[in-house]
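The data block below is final.tsv; it holds TSV, C-alpha atoms.
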chain	number	residue	atom	x	y	z
A	1361	MET	CA	132.52	7.83	47.83
A	1362	ASP	CA	134.96	4.97	47.40
A	1363	ALA	CA	132.79	3.61	44.59
A	1364	GLY	CA	132.67	7.00	42.91
A	1365	ARG	CA	129.13	7.69	44.06
A	1366	VAL	CA	127.76	10.63	46.02
A	1367	ASN	CA	125.08	10.58	48.72
A	1368	ALA	CA	122.27	13.08	48.32
A	1369	VAL	CA	119.50	14.07	50.72
A	1370	ALA	CA	116.09	15.23	49.52
A	1371	LEU	CA	115.02	17.47	52.39
A	1372	ARG	CA	111.54	18.09	51.00
A	1373	SER	CA	110.67	14.48	50.24
A	1374	VAL	CA	107.40	13.03	51.51
A	1375	VAL	CA	106.51	9.38	52.00
A	1376	LEU	CA	102.83	8.42	52.10
A	1377	HIS	CA	101.64	5.17	53.66
A	1378	HIS	CA	98.24	3.59	53.40
A	1379	VAL	CA	97.18	2.72	56.93
A	1380	SER	CA	97.25	-1.05	57.53
A	1381	ALA	CA	97.65	-1.74	53.83
A	1382	SER	CA	100.17	-4.56	54.27
A	1383	PRO	CA	98.42	-7.95	54.31
A	1384	GLY	CA	98.87	-9.84	57.57
A	1385	ARG	CA	100.33	-6.83	59.39
A	1386	LYS	CA	97.96	-7.21	62.35
A	1387	ALA	CA	97.93	-11.02	62.42
A	1388	ARG	CA	99.98	-11.22	65.62
A	1389	ASP	CA	98.72	-8.13	67.47
A	1390	GLU	CA	96.63	-10.10	69.99
A	1391	GLU	CA	99.48	-12.52	70.76
A	1392	ASN	CA	101.97	-9.67	71.10
A	1393	SER	CA	99.61	-7.77	73.42
A	1394	HIS	CA	99.20	-10.92	75.50
A	1395	ARG	CA	102.96	-11.41	75.77
A	1396	PHE	CA	103.54	-7.74	76.57
A	1397	THR	CA	100.85	-7.68	79.27
A	1398	ARG	CA	102.12	-10.86	80.95
A	1399	ARG	CA	105.65	-9.48	81.04
A	1400	TRP	CA	104.92	-5.91	82.16
A	1401	ARG	CA	101.71	-6.48	84.12
A	1402	THR	CA	102.99	-5.02	87.38
A	1403	HIS	CA	104.06	-1.82	85.65
A	1404	LEU	CA	101.08	-1.25	83.38
A	1405	TRP	CA	98.79	0.37	85.93
A	1406	ARG	CA	101.31	3.19	86.42
A	1407	LEU	CA	100.95	4.05	82.74
A	1408	VAL	CA	97.18	4.44	82.85
A	1409	ASP	CA	96.26	5.27	86.44
A	1410	ARG	CA	95.81	9.01	85.92
A	1411	ARG	CA	93.82	8.44	82.72
A	1412	TRP	CA	91.57	5.98	84.60
A	1413	CYS	CA	91.07	8.61	87.30
A	1414	ARG	CA	90.07	11.24	84.74
A	1415	GLN	CA	87.57	8.82	83.22
A	1416	TYR	CA	86.23	7.99	86.69
A	1417	LEU	CA	85.69	11.68	87.41
A	1418	TRP	CA	84.02	12.24	84.03
A	1419	VAL	CA	81.61	9.35	84.55
A	1420	HIS	CA	80.74	10.34	88.11
A	1421	ALA	CA	80.47	14.04	87.35
A	1422	PHE	CA	78.05	13.56	84.44
A	1423	GLY	CA	76.72	10.07	85.00
A	1424	SER	CA	75.70	7.90	87.90
A	1425	ARG	CA	76.84	8.84	91.38
A	1426	PRO	CA	77.09	5.77	93.56
A	1427	PRO	CA	76.26	6.48	97.22
A	1428	GLY	CA	79.13	6.48	99.69
A	1429	ARG	CA	81.81	7.14	97.05
A	1430	GLN	CA	82.54	10.76	97.96
A	1431	ALA	CA	85.84	9.88	99.68
A	1432	VAL	CA	87.04	7.90	96.65
A	1433	THR	CA	85.96	10.65	94.27
A	1434	LEU	CA	87.82	13.24	96.36
A	1435	SER	CA	90.97	11.08	96.46
A	1436	VAL	CA	90.77	10.57	92.71
A	1437	LEU	CA	90.35	14.30	92.15
A	1438	LEU	CA	93.34	15.12	94.35
A	1439	TYR	CA	95.45	12.60	92.43
A	1440	VAL	CA	94.40	13.99	89.04
A	1441	LEU	CA	95.28	17.49	90.23
A	1442	HIS	CA	98.70	16.26	91.43
A	1443	LEU	CA	97.80	17.13	95.02
A	1444	ARG	CA	98.18	13.50	96.04
A	1445	ARG	CA	101.26	11.43	95.17
A	1446	THR	CA	99.63	8.04	94.86
A	1447	PRO	CA	96.29	7.00	93.42
A	1448	PRO	CA	93.66	5.67	95.79
A	1449	PRO	CA	93.70	1.86	96.22
A	1450	GLU	CA	90.44	1.57	94.27
A	1451	VAL	CA	92.34	2.56	91.12
A	1452	PHE	CA	94.76	-0.34	91.46
A	1453	VAL	CA	91.91	-2.75	92.22
A	1454	ALA	CA	89.93	-1.65	89.14
A	1455	LEU	CA	92.94	-1.74	86.82
A	1456	THR	CA	94.03	-5.14	88.14
A	1457	ALA	CA	90.53	-6.50	87.51
A	1458	ALA	CA	90.59	-5.16	83.94
A	1459	VAL	CA	94.00	-6.72	83.24
A	1460	ASP	CA	92.92	-10.03	84.83
A	1461	PHE	CA	89.82	-10.10	82.64
A	1462	GLN	CA	91.84	-9.47	79.47
A	1463	LEU	CA	94.51	-12.03	80.42
A	1464	ALA	CA	91.84	-14.68	81.03
A	1465	ARG	CA	90.41	-13.97	77.58
A	1466	TRP	CA	93.85	-14.24	75.98
A	1467	ASP	CA	94.74	-17.37	77.98
A	1468	ALA	CA	91.62	-19.06	76.62
A	1469	MET	CA	92.33	-17.77	73.12
A	1470	PHE	CA	95.95	-18.93	73.05
A	1471	ALA	CA	95.62	-22.08	75.15
A	1472	PRO	CA	97.80	-24.97	73.96
A	1473	GLY	CA	95.93	-27.23	71.58
A	1474	ARG	CA	93.52	-24.52	70.42
A	1475	ASP	CA	92.21	-24.69	66.89
A	1476	SER	CA	94.12	-22.36	64.58

Encoded form (structure tokens):
Amino acid sequence: MDAGRVNAVALRSVVLHHVSASPGRKARDEENSHRFTRRWRTHLWRLVDRRWCRQYLWVHAFGSRPPGRQAVTLSVLLYVLHLRRTPPPEVFVALTAAVDFQLARWDAMFAPGRDS
């Protein structure tokens, strides 16, 4: 207003973006994921534990049923239904193994002296 201008708001305006249209936008995604995972590793399993449990139930309900896994399946079911406060230890073991695998891949990919 000091410059003699007025602000206006277009309440019905629409902005359209082409998905991933900017060149180089995803160039650092792997490195950023690596950095994020290394920093928040101990907290990540809490973000996906219930989803992992749902997937586990789906696979074992309609797929293979390993013998002797009834107790784990029941614990997973109780956790998914919020009848158990903590996930069974097998969830943490599986998620830790998945994160370890991915970190090893990234460590090899971003090792010092790698070819760019």

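The space separating CA of Tyr1416 in chain A from CA of Glu1450 in chain A comes to 10.8 Å.
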
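Comparing the minimum interatomic distances between Ala1468 in chain A and each of A:His1394, A:Arg1414, A:Arg1401, A:Arg1429, counting all atoms listed in the file, we find that A:His1394 sits nearest.
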
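Separating CA of Val1451 in chain A from CA of Arg1398 in chain A is a distance of 19.5 Å.
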
- Note on the structure: In terms of all atoms listed in the file, the residue from A:Ala1471, A:Val1440, A:Leu1463, A:Ala1368 at minimal distance from Val1408 in chain A is A:Val1440

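Going from CA of Val1453 in chain A over to CA of Asp1409 in chain A, you cover 10.8 Å.
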
- Message: Excluding range 1432-1434 of chain A and its own-chain neighbours fewer than 5 positions away, which residues fall within 12 Å of it when counting all atoms listed in the file? Please give them as a PyMOL selection string.
- Response: chain A and resi 1413-1421+1425-1427+1439-1441+1443-1444+1447-1451

Write the residues you've just listed into a file as a tab-separated table (two decimals), in the coordinates of the input, and include C-alpha atoms for each of them.
chain	number	residue	atom	x	y	z
A	1413	CYS	CA	91.07	8.61	87.30
A	1414	ARG	CA	90.07	11.24	84.74
A	1415	GLN	CA	87.57	8.82	83.22
A	1416	TYR	CA	86.23	7.99	86.69
A	1417	LEU	CA	85.69	11.68	87.41
A	1418	TRP	CA	84.02	12.24	84.03
A	1419	VAL	CA	81.61	9.35	84.55
A	1420	HIS	CA	80.74	10.34	88.11
A	1421	ALA	CA	80.47	14.04	87.35
A	1425	ARG	CA	76.84	8.84	91.38
A	1426	PRO	CA	77.09	5.77	93.56
A	1427	PRO	CA	76.26	6.48	97.22
A	1439	TYR	CA	95.45	12.60	92.43
A	1440	VAL	CA	94.40	13.99	89.04
A	1441	LEU	CA	95.28	17.49	90.23
A	1443	LEU	CA	97.80	17.13	95.02
A	1444	ARG	CA	98.18	13.50	96.04
A	1447	PRO	CA	96.29	7.00	93.42
A	1448	PRO	CA	93.66	5.67	95.79
A	1449	PRO	CA	93.70	1.86	96.22
A	1450	GLU	CA	90.44	1.57	94.27
A	1451	VAL	CA	92.34	2.56	91.12

Render range 1383-1430 of chain A from the structure in the preceding block as a file of N, CA and C atoms, as a PDB file, in the first residue's frame.
ATOM      1  N   PRO A1383      13.762 -30.781 -14.953  1.00  0.00           N
ATOM      2  CA  PRO A1383      14.936 -31.631 -15.158  1.00  0.00           C
ATOM      3  C   PRO A1383      15.826 -31.662 -13.915  1.00  0.00           C
ATOM      4  N   GLY A1384      16.290 -32.854 -13.560  1.00  0.00           N
ATOM      5  CA  GLY A1384      17.186 -33.005 -12.423  1.00  0.00           C
ATOM      6  C   GLY A1384      16.504 -32.999 -11.070  1.00  0.00           C
ATOM      7  N   ARG A1385      15.179 -32.954 -11.050  1.00  0.00           N
ATOM      8  CA  ARG A1385      14.455 -32.864  -9.786  1.00  0.00           C
ATOM      9  C   ARG A1385      14.712 -34.067  -8.891  1.00  0.00           C
ATOM     10  N   LYS A1386      14.881 -35.238  -9.467  1.00  0.00           N
ATOM     11  CA  LYS A1386      15.047 -36.458  -8.674  1.00  0.00           C
ATOM     12  C   LYS A1386      16.501 -36.907  -8.574  1.00  0.00           C
ATOM     13  N   ALA A1387      17.420 -36.049  -9.011  1.00  0.00           N
ATOM     14  CA  ALA A1387      18.833 -36.436  -9.065  1.00  0.00           C
ATOM     15  C   ALA A1387      19.388 -36.817  -7.697  1.00  0.00           C
ATOM     16  N   ARG A1388      18.914 -36.240  -6.646  1.00  0.00           N
ATOM     17  CA  ARG A1388      19.466 -36.488  -5.310  1.00  0.00           C
ATOM     18  C   ARG A1388      18.544 -37.300  -4.405  1.00  0.00           C
ATOM     19  N   ASP A1389      17.498 -37.869  -4.950  1.00  0.00           N
ATOM     20  CA  ASP A1389      16.543 -38.623  -4.124  1.00  0.00           C
ATOM     21  C   ASP A1389      17.199 -39.779  -3.375  1.00  0.00           C
ATOM     22  N   GLU A1390      18.029 -40.568  -4.060  1.00  0.00           N
ATOM     23  CA  GLU A1390      18.680 -41.711  -3.406  1.00  0.00           C
ATOM     24  C   GLU A1390      19.582 -41.237  -2.268  1.00  0.00           C
ATOM     25  N   GLU A1391      20.387 -40.203  -2.519  1.00  0.00           N
ATOM     26  CA  GLU A1391      21.284 -39.704  -1.475  1.00  0.00           C
ATOM     27  C   GLU A1391      20.506 -39.141  -0.290  1.00  0.00           C
ATOM     28  N   ASN A1392      19.418 -38.436  -0.580  1.00  0.00           N
ATOM     29  CA  ASN A1392      18.596 -37.879   0.499  1.00  0.00           C
ATOM     30  C   ASN A1392      17.917 -38.983   1.304  1.00  0.00           C
ATOM     31  N   SER A1393      17.460 -40.030   0.625  1.00  0.00           N
ATOM     32  CA  SER A1393      16.853 -41.168   1.332  1.00  0.00           C
ATOM     33  C   SER A1393      17.887 -41.860   2.213  1.00  0.00           C
ATOM     34  N   HIS A1394      19.100 -41.978   1.711  1.00  0.00           N
ATOM     35  CA  HIS A1394      20.196 -42.585   2.469  1.00  0.00           C
ATOM     36  C   HIS A1394      20.470 -41.761   3.724  1.00  0.00           C
ATOM     37  N   ARG A1395      20.597 -40.469   3.569  1.00  0.00           N
ATOM     38  CA  ARG A1395      20.862 -39.579   4.707  1.00  0.00           C
ATOM     39  C   ARG A1395      19.726 -39.643   5.729  1.00  0.00           C
ATOM     40  N   PHE A1396      18.507 -39.583   5.234  1.00  0.00           N
ATOM     41  CA  PHE A1396      17.327 -39.627   6.104  1.00  0.00           C
ATOM     42  C   PHE A1396      17.287 -40.934   6.902  1.00  0.00           C
ATOM     43  N   THR A1397      17.510 -42.055   6.215  1.00  0.00           N
ATOM     44  CA  THR A1397      17.445 -43.365   6.867  1.00  0.00           C
ATOM     45  C   THR A1397      18.532 -43.511   7.919  1.00  0.00           C
ATOM     46  N   ARG A1398      19.749 -43.057   7.610  1.00  0.00           N
ATOM     47  CA  ARG A1398      20.833 -43.153   8.591  1.00  0.00           C
ATOM     48  C   ARG A1398      20.527 -42.312   9.825  1.00  0.00           C
ATOM     49  N   ARG A1399      19.907 -41.168   9.632  1.00  0.00           N
ATOM     50  CA  ARG A1399      19.627 -40.289  10.764  1.00  0.00           C
ATOM     51  C   ARG A1399      18.457 -40.790  11.615  1.00  0.00           C
ATOM     52  N   TRP A1400      17.398 -41.270  10.980  1.00  0.00           N
ATOM     53  CA  TRP A1400      16.165 -41.609  11.693  1.00  0.00           C
ATOM     54  C   TRP A1400      15.912 -43.104  11.772  1.00  0.00           C
ATOM     55  N   ARG A1401      16.929 -43.899  11.527  1.00  0.00           N
ATOM     56  CA  ARG A1401      16.806 -45.349  11.481  1.00  0.00           C
ATOM     57  C   ARG A1401      16.051 -45.947  12.670  1.00  0.00           C
ATOM     58  N   THR A1402      16.377 -45.510  13.866  1.00  0.00           N
ATOM     59  CA  THR A1402      15.760 -46.113  15.055  1.00  0.00           C
ATOM     60  C   THR A1402      14.284 -45.757  15.197  1.00  0.00           C
ATOM     61  N   HIS A1403      13.839 -44.766  14.470  1.00  0.00           N
ATOM     62  CA  HIS A1403      12.439 -44.341  14.568  1.00  0.00           C
ATOM     63  C   HIS A1403      11.591 -44.832  13.395  1.00  0.00           C
ATOM     64  N   LEU A1404      12.241 -45.249  12.321  1.00  0.00           N
ATOM     65  CA  LEU A1404      11.503 -45.595  11.110  1.00  0.00           C
ATOM     66  C   LEU A1404      10.541 -46.756  11.292  1.00  0.00           C
ATOM     67  N   TRP A1405      10.944 -47.776  12.044  1.00  0.00           N
ATOM     68  CA  TRP A1405      10.077 -48.944  12.152  1.00  0.00           C
ATOM     69  C   TRP A1405       8.739 -48.608  12.785  1.00  0.00           C
ATOM     70  N   ARG A1406       8.710 -47.584  13.630  1.00  0.00           N
ATOM     71  CA  ARG A1406       7.436 -47.185  14.253  1.00  0.00           C
ATOM     72  C   ARG A1406       6.467 -46.578  13.236  1.00  0.00           C
ATOM     73  N   LEU A1407       7.012 -46.077  12.135  1.00  0.00           N
ATOM     74  CA  LEU A1407       6.167 -45.476  11.106  1.00  0.00           C
ATOM     75  C   LEU A1407       5.519 -46.519  10.201  1.00  0.00           C
ATOM     76  N   VAL A1408       6.121 -47.693  10.122  1.00  0.00           N
ATOM     77  CA  VAL A1408       5.631 -48.687   9.167  1.00  0.00           C
ATOM     78  C   VAL A1408       5.255 -50.027   9.799  1.00  0.00           C
ATOM     79  N   ASP A1409       5.372 -50.149  11.103  1.00  0.00           N
ATOM     80  CA  ASP A1409       5.156 -51.457  11.726  1.00  0.00           C
ATOM     81  C   ASP A1409       3.746 -51.992  11.502  1.00  0.00           C
ATOM     82  N   ARG A1410       2.742 -51.154  11.649  1.00  0.00           N
ATOM     83  CA  ARG A1410       1.364 -51.635  11.473  1.00  0.00           C
ATOM     84  C   ARG A1410       1.097 -51.991  10.012  1.00  0.00           C
ATOM     85  N   ARG A1411       1.663 -51.216   9.089  1.00  0.00           N
ATOM     86  CA  ARG A1411       1.510 -51.519   7.660  1.00  0.00           C
ATOM     87  C   ARG A1411       2.179 -52.858   7.344  1.00  0.00           C
ATOM     88  N   TRP A1412       3.373 -53.093   7.917  1.00  0.00           N
ATOM     89  CA  TRP A1412       4.062 -54.369   7.709  1.00  0.00           C
ATOM     90  C   TRP A1412       3.191 -55.509   8.225  1.00  0.00           C
ATOM     91  N   CYS A1413       2.570 -55.306   9.376  1.00  0.00           N
ATOM     92  CA  CYS A1413       1.710 -56.337   9.963  1.00  0.00           C
ATOM     93  C   CYS A1413       0.513 -56.631   9.065  1.00  0.00           C
ATOM     94  N   ARG A1414      -0.078 -55.591   8.499  1.00  0.00           N
ATOM     95  CA  ARG A1414      -1.215 -55.822   7.587  1.00  0.00           C
ATOM     96  C   ARG A1414      -0.769 -56.630   6.371  1.00  0.00           C
ATOM     97  N   GLN A1415       0.396 -56.277   5.835  1.00  0.00           N
ATOM     98  CA  GLN A1415       0.924 -57.012   4.685  1.00  0.00           C
ATOM     99  C   GLN A1415       1.214 -58.461   5.064  1.00  0.00           C
ATOM    100  N   TYR A1416       1.779 -58.667   6.235  1.00  0.00           N
ATOM    101  CA  TYR A1416       2.064 -60.022   6.724  1.00  0.00           C
ATOM    102  C   TYR A1416       0.772 -60.839   6.784  1.00  0.00           C
ATOM    103  N   LEU A1417      -0.271 -60.246   7.339  1.00  0.00           N
ATOM    104  CA  LEU A1417      -1.553 -60.963   7.437  1.00  0.00           C
ATOM    105  C   LEU A1417      -2.119 -61.266   6.055  1.00  0.00           C
ATOM    106  N   TRP A1418      -2.022 -60.320   5.149  1.00  0.00           N
ATOM    107  CA  TRP A1418      -2.537 -60.506   3.790  1.00  0.00           C
ATOM    108  C   TRP A1418      -1.813 -61.669   3.112  1.00  0.00           C
ATOM    109  N   VAL A1419      -0.499 -61.681   3.202  1.00  0.00           N
ATOM    110  CA  VAL A1419       0.291 -62.731   2.561  1.00  0.00           C
ATOM    111  C   VAL A1419      -0.025 -64.093   3.174  1.00  0.00           C
ATOM    112  N   HIS A1420      -0.138 -64.154   4.498  1.00  0.00           N
ATOM    113  CA  HIS A1420      -0.351 -65.446   5.141  1.00  0.00           C
ATOM    114  C   HIS A1420      -1.815 -65.878   5.138  1.00  0.00           C
ATOM    115  N   ALA A1421      -2.712 -64.961   4.896  1.00  0.00           N
ATOM    116  CA  ALA A1421      -4.118 -65.336   4.780  1.00  0.00           C
ATOM    117  C   ALA A1421      -4.412 -65.909   3.394  1.00  0.00           C
ATOM    118  N   PHE A1422      -3.752 -65.326   2.367  1.00  0.00           N
ATOM    119  CA  PHE A1422      -4.058 -65.739   0.991  1.00  0.00           C
ATOM    120  C   PHE A1422      -2.876 -66.402   0.286  1.00  0.00           C
ATOM    121  N   GLY A1423      -1.763 -66.489   0.952  1.00  0.00           N
ATOM    122  CA  GLY A1423      -0.582 -67.081   0.325  1.00  0.00           C
ATOM    123  C   GLY A1423      -0.082 -68.259   1.115  1.00  0.00           C
ATOM    124  N   SER A1424       1.238 -68.339   1.208  1.00  0.00           N
ATOM    125  CA  SER A1424       1.839 -69.470   1.925  1.00  0.00           C
ATOM    126  C   SER A1424       1.598 -69.334   3.429  1.00  0.00           C
ATOM    127  N   ARG A1425       1.498 -70.444   4.076  1.00  0.00           N
ATOM    128  CA  ARG A1425       1.321 -70.467   5.536  1.00  0.00           C
ATOM    129  C   ARG A1425       2.443 -71.288   6.137  1.00  0.00           C
ATOM    130  N   PRO A1426       3.502 -70.613   6.582  1.00  0.00           N
ATOM    131  CA  PRO A1426       4.614 -71.381   7.140  1.00  0.00           C
ATOM    132  C   PRO A1426       4.199 -72.102   8.418  1.00  0.00           C
ATOM    133  N   PRO A1427       4.648 -73.347   8.583  1.00  0.00           N
ATOM    134  CA  PRO A1427       4.265 -74.102   9.786  1.00  0.00           C
ATOM    135  C   PRO A1427       4.879 -73.481  11.038  1.00  0.00           C
ATOM    136  N   GLY A1428       4.147 -73.559  12.127  1.00  0.00           N
ATOM    137  CA  GLY A1428       4.652 -73.071  13.407  1.00  0.00           C
ATOM    138  C   GLY A1428       4.609 -71.563  13.558  1.00  0.00           C
ATOM    139  N   ARG A1429       3.877 -70.864  12.712  1.00  0.00           N
ATOM    140  CA  ARG A1429       3.827 -69.402  12.771  1.00  0.00           C
ATOM    141  C   ARG A1429       2.484 -68.897  13.308  1.00  0.00           C
ATOM    142  N   GLN A1430       1.679 -69.787  13.851  1.00  0.00           N
ATOM    143  CA  GLN A1430       0.360 -69.383  14.328  1.00  0.00           C
ATOM    144  C   GLN A1430       0.460 -68.334  15.436  1.00  0.00           C
TER     145      GLN A1430
END
